[in-house]
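Data from model01.cif: mmCIF, C-alpha atoms
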```
data_upload
loop_
_atom_site.label_atom_id
_atom_site.label_comp_id
_atom_site.auth_asym_id
_atom_site.auth_seq_id
_atom_site.Cartn_x
_atom_site.Cartn_y
_atom_site.Cartn_z
CA MET A 2 -14.25 19.53 16.55
CA GLN A 3 -14.73 16.90 19.22
CA LEU A 4 -13.09 13.53 19.77
CA SER A 5 -16.40 11.90 18.90
CA ASP A 6 -16.05 13.34 15.36
CA ILE A 7 -13.34 10.72 14.89
CA SER A 8 -15.43 7.84 16.27
CA THR A 9 -17.98 7.24 18.99
CA LYS A 10 -15.39 4.91 20.50
CA PHE A 11 -12.61 7.51 20.46
CA THR A 12 -12.69 9.07 23.94
CA GLN A 13 -10.49 10.83 26.45
CA GLU A 14 -9.50 7.38 27.67
CA THR A 15 -8.18 6.69 24.16
CA VAL A 16 -6.11 9.87 24.28
CA ASP A 17 -4.69 8.87 27.67
CA ALA A 18 -3.85 5.40 26.35
CA ILE A 19 -1.99 6.96 23.38
CA VAL A 20 0.10 9.05 25.75
CA CYS A 21 0.87 6.02 27.92
CA ARG A 22 1.87 4.01 24.84
CA SER A 23 4.19 6.88 23.94
CA GLY A 24 5.98 6.77 27.31
CA GLY A 25 3.91 9.20 29.32
CA VAL A 26 1.66 8.96 32.35
CA LYS A 27 -1.12 11.38 31.44
CA SER A 28 -2.41 13.72 28.75
CA THR A 29 -2.87 17.41 29.47
CA ALA A 30 -4.44 18.73 26.26
CA TRP A 31 -5.23 17.87 22.66
CA ARG A 32 -6.09 19.70 19.44
CA PHE A 33 -6.93 18.97 15.81
CA VAL A 34 -4.34 20.36 13.40
CA GLY A 35 -3.98 20.61 9.64
CA GLY A 36 -6.16 18.70 7.25
CA PHE A 37 -6.36 16.57 4.14
CA LYS A 38 -7.60 17.54 0.72
CA LYS A 39 -10.38 15.94 -1.29
CA GLY A 40 -9.28 12.61 -2.76
CA ASP A 41 -6.57 11.93 -0.17
CA SER A 42 -8.51 8.96 1.15
CA TYR A 43 -11.38 7.02 -0.37
CA LEU A 44 -11.89 4.44 2.35
CA SER A 45 -11.44 6.57 5.47
CA GLN A 46 -11.95 9.84 7.23
CA VAL A 47 -8.51 11.22 8.10
CA PHE A 48 -7.58 13.53 10.99
CA ARG A 49 -4.44 14.96 12.53
CA LEU A 50 -4.55 15.12 16.32
CA GLN A 51 -1.81 16.67 18.44
CA ILE A 52 -1.69 15.55 22.06
CA ASP A 53 0.20 17.11 24.97
CA GLY A 54 1.49 14.60 27.47
CA GLN A 55 3.52 14.41 30.64
CA ARG A 56 6.11 11.85 31.70
CA GLU A 57 6.50 10.44 35.20
CA ASN A 58 9.32 12.90 35.97
CA GLY A 59 7.08 15.84 35.02
CA GLU A 60 8.66 16.36 31.61
CA LYS A 61 6.21 17.57 28.98
CA PHE A 62 6.11 16.16 25.47
CA GLN A 63 3.91 16.07 22.38
CA VAL A 64 2.42 13.19 20.41
CA ASN A 65 1.60 13.94 16.76
CA THR A 66 -0.83 11.51 15.19
CA VAL A 67 -2.64 10.74 11.97
CA ILE A 68 -5.96 9.03 12.62
CA LYS A 69 -8.00 7.12 10.09
CA SER A 70 -11.58 6.38 11.02
CA ILE A 71 -14.38 4.55 9.29
CA PRO A 72 -16.77 7.00 7.53
CA ASN A 73 -19.76 8.23 9.51
CA ASN A 74 -21.74 8.19 6.28
CA VAL A 75 -23.27 4.69 6.38
CA GLY A 76 -23.87 4.58 2.62
CA ARG A 77 -20.23 5.47 1.95
CA ARG A 78 -19.08 2.90 4.49
CA LYS A 79 -21.10 0.12 2.85
CA THR A 80 -20.29 1.22 -0.71
CA PHE A 81 -16.55 0.92 -0.13
CA ARG A 82 -16.69 -2.02 2.29
CA SER A 83 -14.75 0.08 4.75
CA ASP A 84 -15.14 -2.43 7.58
CA ASP A 85 -13.18 -5.06 5.63
CA PHE A 86 -10.30 -2.69 4.92
CA PHE A 87 -10.14 -1.33 8.47
CA ARG A 88 -10.15 -4.79 9.99
CA ASN A 89 -7.36 -5.92 7.67
CA GLU A 90 -5.14 -2.91 8.35
CA ILE A 91 -5.66 -3.03 12.11
CA ASN A 92 -4.80 -6.72 12.08
CA PHE A 93 -1.72 -5.94 10.01
CA TYR A 94 -0.38 -3.53 12.64
CA GLU A 95 -1.64 -5.17 15.82
CA HIS A 96 -0.93 -8.79 14.92
CA VAL A 97 0.88 -9.53 11.66
CA MET A 98 3.64 -6.93 11.58
CA LYS A 99 3.95 -6.96 15.36
CA ARG A 100 4.79 -10.66 15.24
CA CYS A 101 7.15 -10.24 12.30
CA LEU A 102 9.06 -7.54 14.18
CA GLN A 103 9.11 -9.60 17.36
CA HIS A 104 10.74 -12.39 15.36
CA GLN A 105 13.27 -9.92 13.97
CA LYS A 106 14.22 -8.87 17.49
CA GLN A 107 14.52 -12.46 18.70
CA ALA A 108 16.54 -13.69 15.70
CA ALA A 109 18.68 -10.59 15.11
CA LYS A 110 22.40 -11.06 14.48
CA VAL A 111 23.18 -7.36 14.14
CA PRO A 112 22.76 -4.16 16.22
CA GLU A 113 19.26 -2.77 16.73
CA ASN A 114 19.99 0.26 14.54
CA GLU A 115 19.93 -2.08 11.53
CA PHE A 116 16.41 -3.38 12.27
CA PHE A 117 13.55 -2.73 9.86
CA ASP A 118 11.63 0.31 11.14
CA ALA A 119 10.14 1.89 8.01
CA LEU A 120 6.48 1.91 9.14
CA PRO A 121 4.62 4.32 11.42
CA THR A 122 4.00 3.14 14.96
CA CYS A 123 0.42 2.15 15.69
CA LEU A 124 -0.65 3.90 18.90
CA ALA A 125 -4.27 2.77 19.22
CA SER A 126 -7.00 1.03 17.26
CA PHE A 127 -10.58 -0.19 17.46
CA SER A 128 -12.62 -2.35 15.11
CA ASP A 129 -16.26 -3.41 15.17
CA GLY A 130 -17.28 -2.49 11.62
CA ILE A 131 -19.13 0.63 12.80
CA ALA A 132 -16.80 2.82 14.85
CA ASP A 133 -13.39 1.66 13.62
CA PHE A 134 -10.28 3.80 13.90
CA ILE A 135 -6.51 3.43 13.79
CA VAL A 136 -4.07 5.92 15.31
CA LEU A 137 -0.59 6.17 13.78
CA GLU A 138 2.35 8.40 14.53
CA ASP A 139 2.47 11.33 12.10
CA LEU A 140 5.58 10.77 9.99
CA GLY A 141 5.31 14.36 8.78
CA GLN A 142 6.85 15.49 12.07
CA TYR A 143 10.09 13.77 11.01
CA GLY A 144 10.11 15.44 7.62
CA PHE A 145 8.49 12.68 5.55
CA GLY A 146 6.10 13.60 2.76
CA THR A 147 4.62 12.34 -0.49
CA VAL A 148 5.55 13.07 -4.07
CA SER A 149 2.92 14.06 -6.59
CA ARG A 150 0.89 11.13 -7.89
CA GLN A 151 0.51 13.00 -11.18
CA THR A 152 4.24 13.54 -11.84
CA GLY A 153 5.41 10.28 -10.30
CA MET A 154 8.89 9.29 -9.13
CA ASP A 155 12.32 9.69 -10.69
CA LEU A 156 15.04 7.03 -10.55
CA ARG A 157 16.32 8.04 -7.11
CA HIS A 158 12.85 7.82 -5.56
CA CYS A 159 12.10 4.53 -7.31
CA THR A 160 15.37 3.01 -6.18
CA PHE A 161 14.68 3.99 -2.58
CA ALA A 162 11.17 2.60 -2.80
CA MET A 163 12.30 -0.70 -4.30
CA GLN A 164 15.01 -1.17 -1.68
CA LEU A 165 12.44 -0.45 1.01
CA LEU A 166 9.97 -2.91 -0.52
CA GLY A 167 12.67 -5.59 -0.52
CA ARG A 168 13.42 -4.93 3.15
CA PHE A 169 9.72 -4.96 4.03
CA HIS A 170 9.16 -8.29 2.30
CA ALA A 171 12.25 -9.77 3.94
CA VAL A 172 10.85 -9.27 7.44
CA SER A 173 7.90 -11.61 6.85
CA PHE A 174 9.94 -13.94 4.62
CA ALA A 175 12.42 -14.47 7.45
CA PHE A 176 9.64 -15.07 9.98
CA ARG A 177 8.03 -17.68 7.70
CA TYR A 178 11.36 -19.33 6.88
CA GLN A 179 12.67 -19.51 10.46
CA GLN A 180 9.41 -20.02 12.37
CA PRO A 181 6.95 -21.60 9.92
CA LYS A 182 4.48 -22.82 12.52
CA GLU A 183 4.22 -19.46 14.25
CA PHE A 184 3.96 -17.69 10.90
CA GLN A 185 1.16 -19.98 9.78
CA GLU A 186 -0.76 -19.10 12.95
CA THR A 187 -0.30 -15.41 12.14
CA LEU A 188 -1.93 -15.82 8.74
CA GLN A 189 -5.34 -16.04 10.41
CA PHE A 190 -5.10 -12.24 10.67
CA VAL A 191 -4.50 -11.73 6.94
CA GLU A 192 -7.40 -11.57 4.49
CA GLU A 193 -7.76 -10.74 0.83
CA THR A 194 -9.79 -7.54 0.61
CA TYR A 195 -9.79 -6.88 -3.14
CA TYR A 196 -9.47 -9.90 -5.39
CA ALA A 197 -11.65 -12.77 -4.25
CA ASP A 198 -14.62 -14.44 -5.92
CA LYS A 199 -16.99 -13.01 -3.31
CA PHE A 200 -16.04 -9.45 -4.32
CA PHE A 201 -16.60 -9.84 -8.06
CA ASN A 202 -20.03 -8.21 -8.13
CA TRP A 203 -18.72 -5.31 -6.03
CA TYR A 204 -15.81 -4.68 -8.40
CA LYS A 205 -17.00 -5.77 -11.85
CA ASN A 206 -18.44 -2.45 -13.07
CA LEU A 207 -15.38 -0.51 -11.97
CA GLN A 208 -13.12 -2.97 -13.74
CA LYS A 209 -15.33 -2.73 -16.83
CA ASP A 210 -14.64 1.04 -16.88
CA GLN A 211 -10.90 0.42 -16.41
CA ILE A 212 -10.86 -2.00 -19.33
CA ALA A 213 -12.69 0.47 -21.58
CA ILE A 214 -10.18 3.20 -20.71
CA SER A 215 -7.27 0.86 -21.41
CA LEU A 216 -8.68 -0.28 -24.75
CA ASP A 217 -9.13 3.35 -25.74
CA ALA A 218 -5.52 4.17 -24.84
CA LEU A 219 -4.17 1.13 -26.69
CA ALA A 220 -6.26 1.86 -29.80
CA LYS A 221 -5.09 5.47 -29.93
CA GLU A 222 -1.42 5.01 -29.04
CA TYR A 223 -0.56 1.57 -30.48
CA PRO A 224 -3.21 0.85 -33.14
CA GLY A 225 -2.87 -2.39 -35.05
CA THR A 226 0.24 -3.50 -33.15
CA GLU A 227 1.17 -6.59 -31.15
CA ILE A 228 0.97 -4.37 -28.06
CA GLU A 229 -2.67 -3.58 -28.71
CA ALA A 230 -3.53 -7.19 -29.57
CA LYS A 231 -1.84 -8.77 -26.54
CA GLY A 232 -2.99 -6.03 -24.20
CA LYS A 233 -6.58 -6.42 -25.34
CA ALA A 234 -6.43 -10.21 -25.00
CA PHE A 235 -5.03 -9.99 -21.47
CA ILE A 236 -7.59 -7.57 -20.04
CA THR A 237 -10.67 -8.92 -21.80
CA ASP A 238 -10.11 -12.62 -21.10
CA ASN A 239 -11.61 -13.01 -17.62
CA LEU A 240 -9.18 -10.57 -16.02
CA TYR A 241 -10.71 -10.63 -12.55
CA ALA A 242 -10.31 -14.42 -12.32
CA LYS A 243 -6.65 -14.10 -13.29
CA LEU A 244 -6.04 -11.58 -10.52
CA VAL A 245 -7.90 -13.72 -7.99
CA SER A 246 -5.74 -16.69 -8.94
CA MET A 247 -2.53 -14.74 -8.37
CA THR A 248 -3.56 -13.33 -5.00
CA HIS A 249 -4.41 -16.83 -3.78
CA SER A 250 -1.35 -18.62 -5.19
CA THR A 251 1.52 -19.04 -2.70
CA ASN A 252 4.86 -20.85 -2.64
CA GLU A 253 8.19 -20.85 -0.78
CA TYR A 254 8.86 -17.24 -1.80
CA SER A 255 5.56 -15.74 -0.66
CA VAL A 256 5.57 -12.81 1.77
CA ILE A 257 3.26 -10.38 3.48
CA CYS A 258 2.60 -7.90 0.67
CA HIS A 259 1.71 -4.25 1.01
CA GLY A 260 -1.06 -4.65 -1.56
CA ASP A 261 -1.35 -0.99 -2.60
CA CYS A 262 2.13 -0.14 -3.85
CA TRP A 263 1.69 3.16 -5.61
CA THR A 264 3.08 6.65 -5.20
CA PRO A 265 0.89 8.06 -2.37
CA ASN A 266 1.84 5.20 -0.05
CA PHE A 267 5.58 5.90 -0.07
CA LEU A 268 6.84 8.81 2.02
CA PHE A 269 10.27 10.35 1.54
CA LYS A 270 12.60 12.47 3.64
CA TYR A 271 15.17 14.79 2.08
CA GLY A 272 18.55 16.19 3.06
CA GLU A 273 20.11 19.48 2.03
CA ASP A 274 18.99 18.92 -1.55
CA PRO A 275 15.17 18.90 -1.50
CA THR A 276 15.07 16.73 -4.64
CA ILE A 277 17.22 13.86 -3.39
CA PRO A 278 15.61 11.43 -0.90
CA VAL A 279 17.70 10.15 1.99
CA CYS A 280 15.09 7.91 3.62
CA ALA A 281 11.72 6.33 2.81
CA LYS A 282 8.78 4.84 4.71
CA MET A 283 5.53 3.08 3.81
CA ILE A 284 1.95 3.70 4.89
CA ASP A 285 -1.59 2.38 4.24
CA PHE A 286 -1.85 -1.40 4.59
CA GLN A 287 -5.57 -1.87 4.08
CA LEU A 288 -4.94 -4.18 1.10
CA SER A 289 -2.14 -6.19 2.73
CA ARG A 290 -2.14 -9.84 1.72
CA TYR A 291 -0.02 -13.01 1.74
CA ALA A 292 1.19 -13.62 -1.80
CA SER A 293 4.13 -13.52 -4.20
CA PRO A 294 6.41 -10.47 -3.85
CA ALA A 295 6.00 -10.06 -7.61
CA LEU A 296 2.52 -8.66 -6.99
CA ASP A 297 3.85 -5.67 -5.06
CA ILE A 298 6.87 -5.21 -7.31
CA SER A 299 4.89 -5.23 -10.54
CA PHE A 300 2.22 -2.96 -9.11
CA PHE A 301 4.90 -0.45 -8.16
CA ILE A 302 6.76 -0.73 -11.46
CA TYR A 303 3.70 -0.19 -13.63
CA SER A 304 2.00 2.41 -11.46
CA CYS A 305 5.00 4.54 -10.51
CA THR A 306 7.53 4.46 -13.34
CA THR A 307 7.66 5.76 -16.91
CA GLN A 308 8.45 3.67 -19.98
CA GLU A 309 11.68 5.64 -20.41
CA LEU A 310 12.80 4.77 -16.90
CA ARG A 311 11.82 1.11 -17.35
CA GLU A 312 13.73 0.79 -20.60
CA LYS A 313 16.88 2.22 -19.05
CA HIS A 314 16.69 0.93 -15.50
CA TYR A 315 14.23 -1.96 -15.12
CA GLU A 316 16.94 -4.44 -14.16
CA ASP A 317 18.49 -1.84 -11.84
CA LEU A 318 15.18 -1.57 -9.99
CA LEU A 319 14.86 -5.33 -9.61
CA GLN A 320 18.43 -5.46 -8.34
CA ALA A 321 17.67 -2.63 -5.89
CA TYR A 322 14.74 -4.66 -4.58
CA HIS A 323 16.89 -7.75 -4.18
CA ALA A 324 19.63 -5.73 -2.49
CA GLY A 325 17.09 -4.51 0.06
CA MET A 326 15.89 -8.08 0.58
CA THR A 327 19.48 -9.28 0.97
CA GLU A 328 20.33 -6.57 3.48
CA GLN A 329 17.32 -7.28 5.66
CA LEU A 330 17.69 -11.07 5.58
CA ARG A 331 21.23 -10.60 6.85
CA VAL A 332 19.76 -9.01 9.99
CA VAL A 333 18.47 -12.43 11.09
CA GLY A 334 21.39 -14.44 9.74
CA LEU A 335 19.92 -15.55 6.39
CA GLN A 336 21.72 -15.44 3.04
CA ALA A 337 19.52 -14.35 0.14
CA LYS A 338 21.63 -16.29 -2.35
CA GLU A 339 20.61 -19.45 -0.49
CA VAL A 340 16.95 -18.78 0.44
CA PHE A 341 15.79 -16.30 -2.23
CA PRO A 342 18.34 -15.96 -5.04
CA TYR A 343 17.98 -13.30 -7.70
CA GLU A 344 17.08 -15.98 -10.26
CA ALA A 345 14.06 -16.93 -8.13
CA LEU A 346 12.94 -13.31 -8.17
CA LEU A 347 13.14 -13.22 -11.96
CA GLU A 348 11.07 -16.41 -12.16
CA GLU A 349 8.43 -14.95 -9.82
CA MET A 350 8.25 -11.88 -12.04
CA GLN A 351 7.94 -13.97 -15.19
CA GLN A 352 5.02 -15.88 -13.75
CA ARG A 353 3.16 -13.12 -11.89
CA ALA A 354 4.27 -9.64 -12.97
CA CYS A 355 1.16 -9.41 -15.17
CA PHE A 356 -0.64 -8.69 -11.89
CA GLY A 357 0.81 -5.19 -12.03
CA VAL A 358 -0.92 -4.64 -15.36
CA GLY A 359 -4.24 -5.63 -13.80
CA MET A 360 -3.69 -3.13 -11.00
CA GLY A 361 -2.21 -0.48 -13.28
CA ILE A 362 -5.40 -0.14 -15.31
CA GLU A 363 -6.93 1.18 -12.08
CA SER A 364 -4.08 3.14 -10.52
CA ILE A 365 -2.89 5.00 -13.62
CA PRO A 366 -6.30 6.51 -14.53
CA PHE A 367 -6.65 7.59 -10.89
CA SER A 368 -3.11 8.97 -10.91
CA VAL A 369 -3.78 11.31 -13.82
CA LEU A 370 -6.93 12.74 -12.22
CA GLU A 371 -6.67 16.34 -11.14
CA ASP A 372 -7.51 17.03 -7.49
CA ASP A 373 -10.83 18.66 -8.41
CA GLU A 374 -11.84 15.54 -10.35
CA ALA A 375 -11.71 13.29 -7.29
CA GLY A 376 -15.10 11.97 -6.26
CA ASP A 377 -17.01 13.43 -3.32
CA MET A 378 -17.32 10.43 -1.05
CA ASP A 379 -19.91 12.00 1.22
CA ALA A 380 -22.22 12.76 -1.68
CA ILE A 381 -23.54 9.23 -1.17
CA GLU A 382 -26.98 9.58 0.36
CA GLY A 383 -28.87 7.13 2.51
CA ASP A 384 -27.77 4.07 4.45
CA GLU A 385 -27.36 1.61 1.60
CA ALA A 386 -24.44 0.87 -0.68
CA VAL A 387 -24.40 2.26 -4.20
CA ASP A 388 -22.40 1.02 -7.17
CA VAL A 389 -18.81 2.21 -6.70
CA THR A 390 -18.75 3.58 -10.24
CA THR A 391 -21.17 6.33 -9.16
CA VAL A 392 -18.37 7.77 -7.02
CA TRP A 393 -15.16 6.29 -8.41
CA ILE A 394 -15.80 7.89 -11.78
CA LEU A 395 -13.27 6.96 -14.46
CA LYS A 396 -13.48 8.12 -18.07
CA PRO A 397 -11.22 7.73 -21.11
CA ILE A 398 -8.04 9.75 -20.60
CA LYS A 399 -8.28 13.01 -22.51
CA ASN A 400 -4.63 13.90 -22.99
CA LYS A 401 -2.06 11.97 -25.01
CA GLU A 402 0.51 12.01 -22.22
CA GLY A 403 -1.86 10.19 -19.85
CA ARG A 404 -2.94 7.68 -22.51
CA GLN A 405 0.69 7.03 -23.42
CA ARG A 406 1.55 6.33 -19.79
CA LEU A 407 -1.22 3.73 -19.64
CA ALA A 408 -0.48 2.18 -23.04
CA ASP A 409 3.25 2.00 -22.31
CA MET A 410 2.55 -0.25 -19.34
CA PHE A 411 1.24 -2.80 -21.83
CA LYS A 412 4.21 -2.18 -24.11
CA HIS A 413 6.68 -3.09 -21.37
CA ALA A 414 4.69 -6.15 -20.28
CA VAL A 415 4.68 -7.40 -23.88
CA GLN A 416 8.41 -6.70 -24.26
CA MET A 417 9.14 -8.73 -21.10
CA GLY A 418 6.81 -11.57 -22.10
CA TYR A 419 4.59 -11.00 -19.06
CA ILE A 420 1.42 -10.89 -21.16
#
```
Take the structure I supplied and represent it as structure tokens, if you would.
Amino acid sequence: MQLSDISTKFTQETVDAIVCRSGGVKSTAWRFVGGFKKGDSYLSQVFRLQIDGQRENGEKFQVNTVIKSIPNNVGRRKTFRSDDFFRNEINFYEHVMKRCLQHQKQAAKVPENEFFDALPTCLASFSDGIADFIVLEDLGQYGFGTVSRQTGMDLRHCTFAMQLLGRFHAVSFAFRYQQPKEFQETLQFVEETYYADKFFNWYKNLQKDQIAISLDALAKEYPGTEIEAKGKAFITDNLYAKLVSMTHSTNEYSVICHGDCWTPNFLFKYGEDPTIPVCAKMIDFQLSRYASPALDISFFIYSCTTQELREKHYEDLLQAYHAGMTEQLRVVGLQAKEVFPYEALLEEMQQRACFGVGMGIESIPFSVLEDDEAGDMDAIEGDEAVDVTTVWILKPIKNKEGRQRLADMFKHAVQMGYI
């Protein structure tokens, strides 16, 4: 493989710049390593590149990267609007989060080892809608990895993830609260990539399939119940418009959201016990947006937890989120009880947690897909976009366990009065 397989704009000069950004003076060699399986990424081509570098004192070192590039297949690129997602994620790393972290450093009241650092470092990027790429440090080198999207997360993993989500949200919340003018200027680099009126025609057929799958699950698992009736009413009554409204509604508690808070986008590191996480990080910010934190929280809750876990520990998870928020706000001298009390979080959830149901009807059917059922993105022929449902193929869930997982999302939302 050649560097140009990543992008026509990815050159030896790019490699040298990555080494310099990593503290070196020159690169001495590079190689592609490892790979990704079918279905790992819908919107990107993904590569692992290992680079040998040299520091000014002659010391040799290695830079391990994960590189996402816009698909070479023009039809695939247009079908999935890859340019929009790449631009948004690059802006997230190069502008939005960079400014949030700069504020953290300037306003910090605690030692640097307590700073938020749960994202990969961006080492290079390019965006023109044709040859886009983003280079990130490979967190796998530090022992971070994913859990199965099919089996999901247990309580320990969910607690870690919720604490991390609270800390992540707190970084932008603090920036907005303490430097509102500068934060407002930063918002020019944030765009809604999924739920906006202009995207309705792109998404409508896929959502139609999601609704059909959900109605099937509700009819088979909770026939004739309040759960079926309220679930059906929620998803068939202009659902897309509801989701658009929530992504565009902001208030004093709004934050920079991850936007795609499901299992594959949380990475965990383990200690001596390989089942108990000791640290977590987040990846993939192509859907990042400015909105209520309830959007991310509810997406995570309904996409990554079981009904059994929710019934036993739902409040524990919300408290874990708020504890993470509290801890991170303290870094810059803010008290959560004054600027974002737990009661405010509960109110945000009451008003907007139904967003997670709207996202869950997509993420859960994808979660229960087997690896060999994932669509072949490069099967798209030609240079024009095709309907996404020809590649993102979703059908009614065959097994009871999968249907129950989907139907139980509605059950919990009804129990909580969210729908």
As an exercise, work out the distance from CA of Gln208 (chain A) to CA of Val191 (chain A) in Å and give it to one decimal place.
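Result for CA of Gln208 (chain A) versus CA of Val191 (chain A): 24.1 Å, one decimal.
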Reference answer for the PyMOL selection byres ((chain A and resi 102) around 9), as JSON, numbers by chain:
{"A": [97, 98, 99, 100, 101, 103, 104, 105, 106, 107, 116, 117, 118, 172, 173, 176]}
Mind writing the picked residues with C-alpha atoms as an mmCIF file, keeping the file's coordinate frame?
```
data_model
loop_
_atom_site.group_PDB
_atom_site.id
_atom_site.type_symbol
_atom_site.label_atom_id
_atom_site.label_comp_id
_atom_site.auth_asym_id
_atom_site.auth_seq_id
_atom_site.Cartn_x
_atom_site.Cartn_y
_atom_site.Cartn_z
ATOM 1 C CA VAL A 97 0.880 -9.530 11.660
ATOM 2 C CA MET A 98 3.640 -6.930 11.580
ATOM 3 C CA LYS A 99 3.950 -6.960 15.360
ATOM 4 C CA ARG A 100 4.790 -10.660 15.240
ATOM 5 C CA CYS A 101 7.150 -10.240 12.300
ATOM 6 C CA GLN A 103 9.110 -9.600 17.360
ATOM 7 C CA HIS A 104 10.740 -12.390 15.360
ATOM 8 C CA GLN A 105 13.270 -9.920 13.970
ATOM 9 C CA LYS A 106 14.220 -8.870 17.490
ATOM 10 C CA GLN A 107 14.520 -12.460 18.700
ATOM 11 C CA PHE A 116 16.410 -3.380 12.270
ATOM 12 C CA PHE A 117 13.550 -2.730 9.860
ATOM 13 C CA ASP A 118 11.630 0.310 11.140
ATOM 14 C CA VAL A 172 10.850 -9.270 7.440
ATOM 15 C CA SER A 173 7.900 -11.610 6.850
ATOM 16 C CA PHE A 176 9.640 -15.070 9.980
#
```
Can you tell me which residues surround region 380-387 of chain A at a distance of at most 9 Å, considering all atoms listed in the file, apart from same-chain residues fewer than 2 positions away, and format the answer as a PDB file with C-alpha atoms, in the frame of the given file?
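Once everything was written out, this is selection_27.pdb:
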```
ATOM      1  CA  ASN A  74     -21.740   8.190   6.280  1.00  0.00           C
ATOM      2  CA  VAL A  75     -23.270   4.690   6.380  1.00  0.00           C
ATOM      3  CA  GLY A  76     -23.870   4.580   2.620  1.00  0.00           C
ATOM      4  CA  ARG A  77     -20.230   5.470   1.950  1.00  0.00           C
ATOM      5  CA  ARG A  78     -19.080   2.900   4.490  1.00  0.00           C
ATOM      6  CA  LYS A  79     -21.100   0.120   2.850  1.00  0.00           C
ATOM      7  CA  THR A  80     -20.290   1.220  -0.710  1.00  0.00           C
ATOM      8  CA  PHE A  81     -16.550   0.920  -0.130  1.00  0.00           C
ATOM      9  CA  ARG A  82     -16.690  -2.020   2.290  1.00  0.00           C
ATOM     10  CA  GLY A 376     -15.100  11.970  -6.260  1.00  0.00           C
ATOM     11  CA  ASP A 377     -17.010  13.430  -3.320  1.00  0.00           C
ATOM     12  CA  MET A 378     -17.320  10.430  -1.050  1.00  0.00           C
ATOM     13  CA  VAL A 389     -18.810   2.210  -6.700  1.00  0.00           C
ATOM     14  CA  THR A 390     -18.750   3.580 -10.240  1.00  0.00           C
ATOM     15  CA  THR A 391     -21.170   6.330  -9.160  1.00  0.00           C
ATOM     16  CA  VAL A 392     -18.370   7.770  -7.020  1.00  0.00           C
TER      17      VAL A 392
END
```
Shell around Pro366 (chain A) at 9 Å using all atoms listed in the file, local window under 2 positions removed, as a PyMOL selection string
chain A and resi 211+214-215+361-364+368-370+395-398+403-404+407
Please measure the separation of CA of Trp263 (chain A) and CA of Ala132 (chain A), giving the value in Å to one decimal.
27.6 Å
Could you tell me which residues the PyMOL selection byres ((chain A and resi 84) around 10) returns for this structure, as a PyMOL selection string?
chain A and resi 44-45+71-72+78-79+81-83+85-89+128-133
Find the spatial neighbours of Leu219 (chain A), counting only C-alpha atoms, within a cut-off of 7 Å - ignore same-chain residues fewer than 5 positions away - and output them as a list in words.
Pro224, Glu229 and Ala408 of chain A
Rows by chain and residue number, region 154-202 of chain A within 10 Å of region 235-258 of chain A, shortest pair, only C-alpha atoms, as a Markdown table:
```
| residue | atom | partner | partner_atom | distance |
| --- | --- | --- | --- | --- |
| A:Leu166 | CA | A:Cys258 | CA | 9.0 |
| A:Phe169 | CA | A:Cys258 | CA | 8.4 |
| A:His170 | CA | A:Val256 | CA | 5.8 |
| A:Ala171 | CA | A:Val256 | CA | 7.7 |
| A:Val172 | CA | A:Val256 | CA | 8.5 |
| A:Ser173 | CA | A:Val256 | CA | 5.7 |
| A:Phe174 | CA | A:Val256 | CA | 5.3 |
| A:Ala175 | CA | A:Val256 | CA | 9.1 |
| A:Phe176 | CA | A:Val256 | CA | 9.4 |
| A:Arg177 | CA | A:Val256 | CA | 8.1 |
| A:Tyr178 | CA | A:Glu253 | CA | 8.4 |
| A:Leu188 | CA | A:Ile257 | CA | 9.2 |
| A:Val191 | CA | A:Ile257 | CA | 8.6 |
| A:Glu193 | CA | A:Thr248 | CA | 7.6 |
| A:Tyr195 | CA | A:Val245 | CA | 8.6 |
| A:Tyr196 | CA | A:Val245 | CA | 4.9 |
| A:Ala197 | CA | A:Val245 | CA | 5.4 |
| A:Asp198 | CA | A:Val245 | CA | 7.1 |
| A:Phe200 | CA | A:Tyr241 | CA | 9.9 |
| A:Phe201 | CA | A:Tyr241 | CA | 7.4 |
```
Store the residues picked out above, limited to C-alpha atoms, as a tab-separated table (two decimals), in the coordinates of the input.
```tsv
chain	number	residue	atom	x	y	z
A	166	LEU	CA	9.97	-2.91	-0.52
A	169	PHE	CA	9.72	-4.96	4.03
A	170	HIS	CA	9.16	-8.29	2.30
A	171	ALA	CA	12.25	-9.77	3.94
A	172	VAL	CA	10.85	-9.27	7.44
A	173	SER	CA	7.90	-11.61	6.85
A	174	PHE	CA	9.94	-13.94	4.62
A	175	ALA	CA	12.42	-14.47	7.45
A	176	PHE	CA	9.64	-15.07	9.98
A	177	ARG	CA	8.03	-17.68	7.70
A	178	TYR	CA	11.36	-19.33	6.88
A	188	LEU	CA	-1.93	-15.82	8.74
A	191	VAL	CA	-4.50	-11.73	6.94
A	193	GLU	CA	-7.76	-10.74	0.83
A	195	TYR	CA	-9.79	-6.88	-3.14
A	196	TYR	CA	-9.47	-9.90	-5.39
A	197	ALA	CA	-11.65	-12.77	-4.25
A	198	ASP	CA	-14.62	-14.44	-5.92
A	200	PHE	CA	-16.04	-9.45	-4.32
A	201	PHE	CA	-16.60	-9.84	-8.06
```
Point-to-point distance from CA of Phe161 (chain A) to CA of Phe411 (chain A), Å rounded to tenths:
24.4 Å
Output the residue selection produced by the PyMOL selection byres ((chain A and resi 141) around 10) on the file above, formatted as a PyMOL selection string.
chain A and resi 65-67+138-140+142-147+268-270
For Trp31 (chain A), work out the shell of residues within 7 Å, counting all atoms listed in the file and skipping chain neighbours fewer than 3 positions away, then give it as a list in words.
Leu50, Gln51, Ile52 and Asp53 of chain A
Close residues, Thr12 (chain A) itself excluded, 12 Å, only C-alpha atoms, min 5 positions apart in chain, as a ChimeraX atom specification
/A:3-7,17-19,31,125-127,132,134
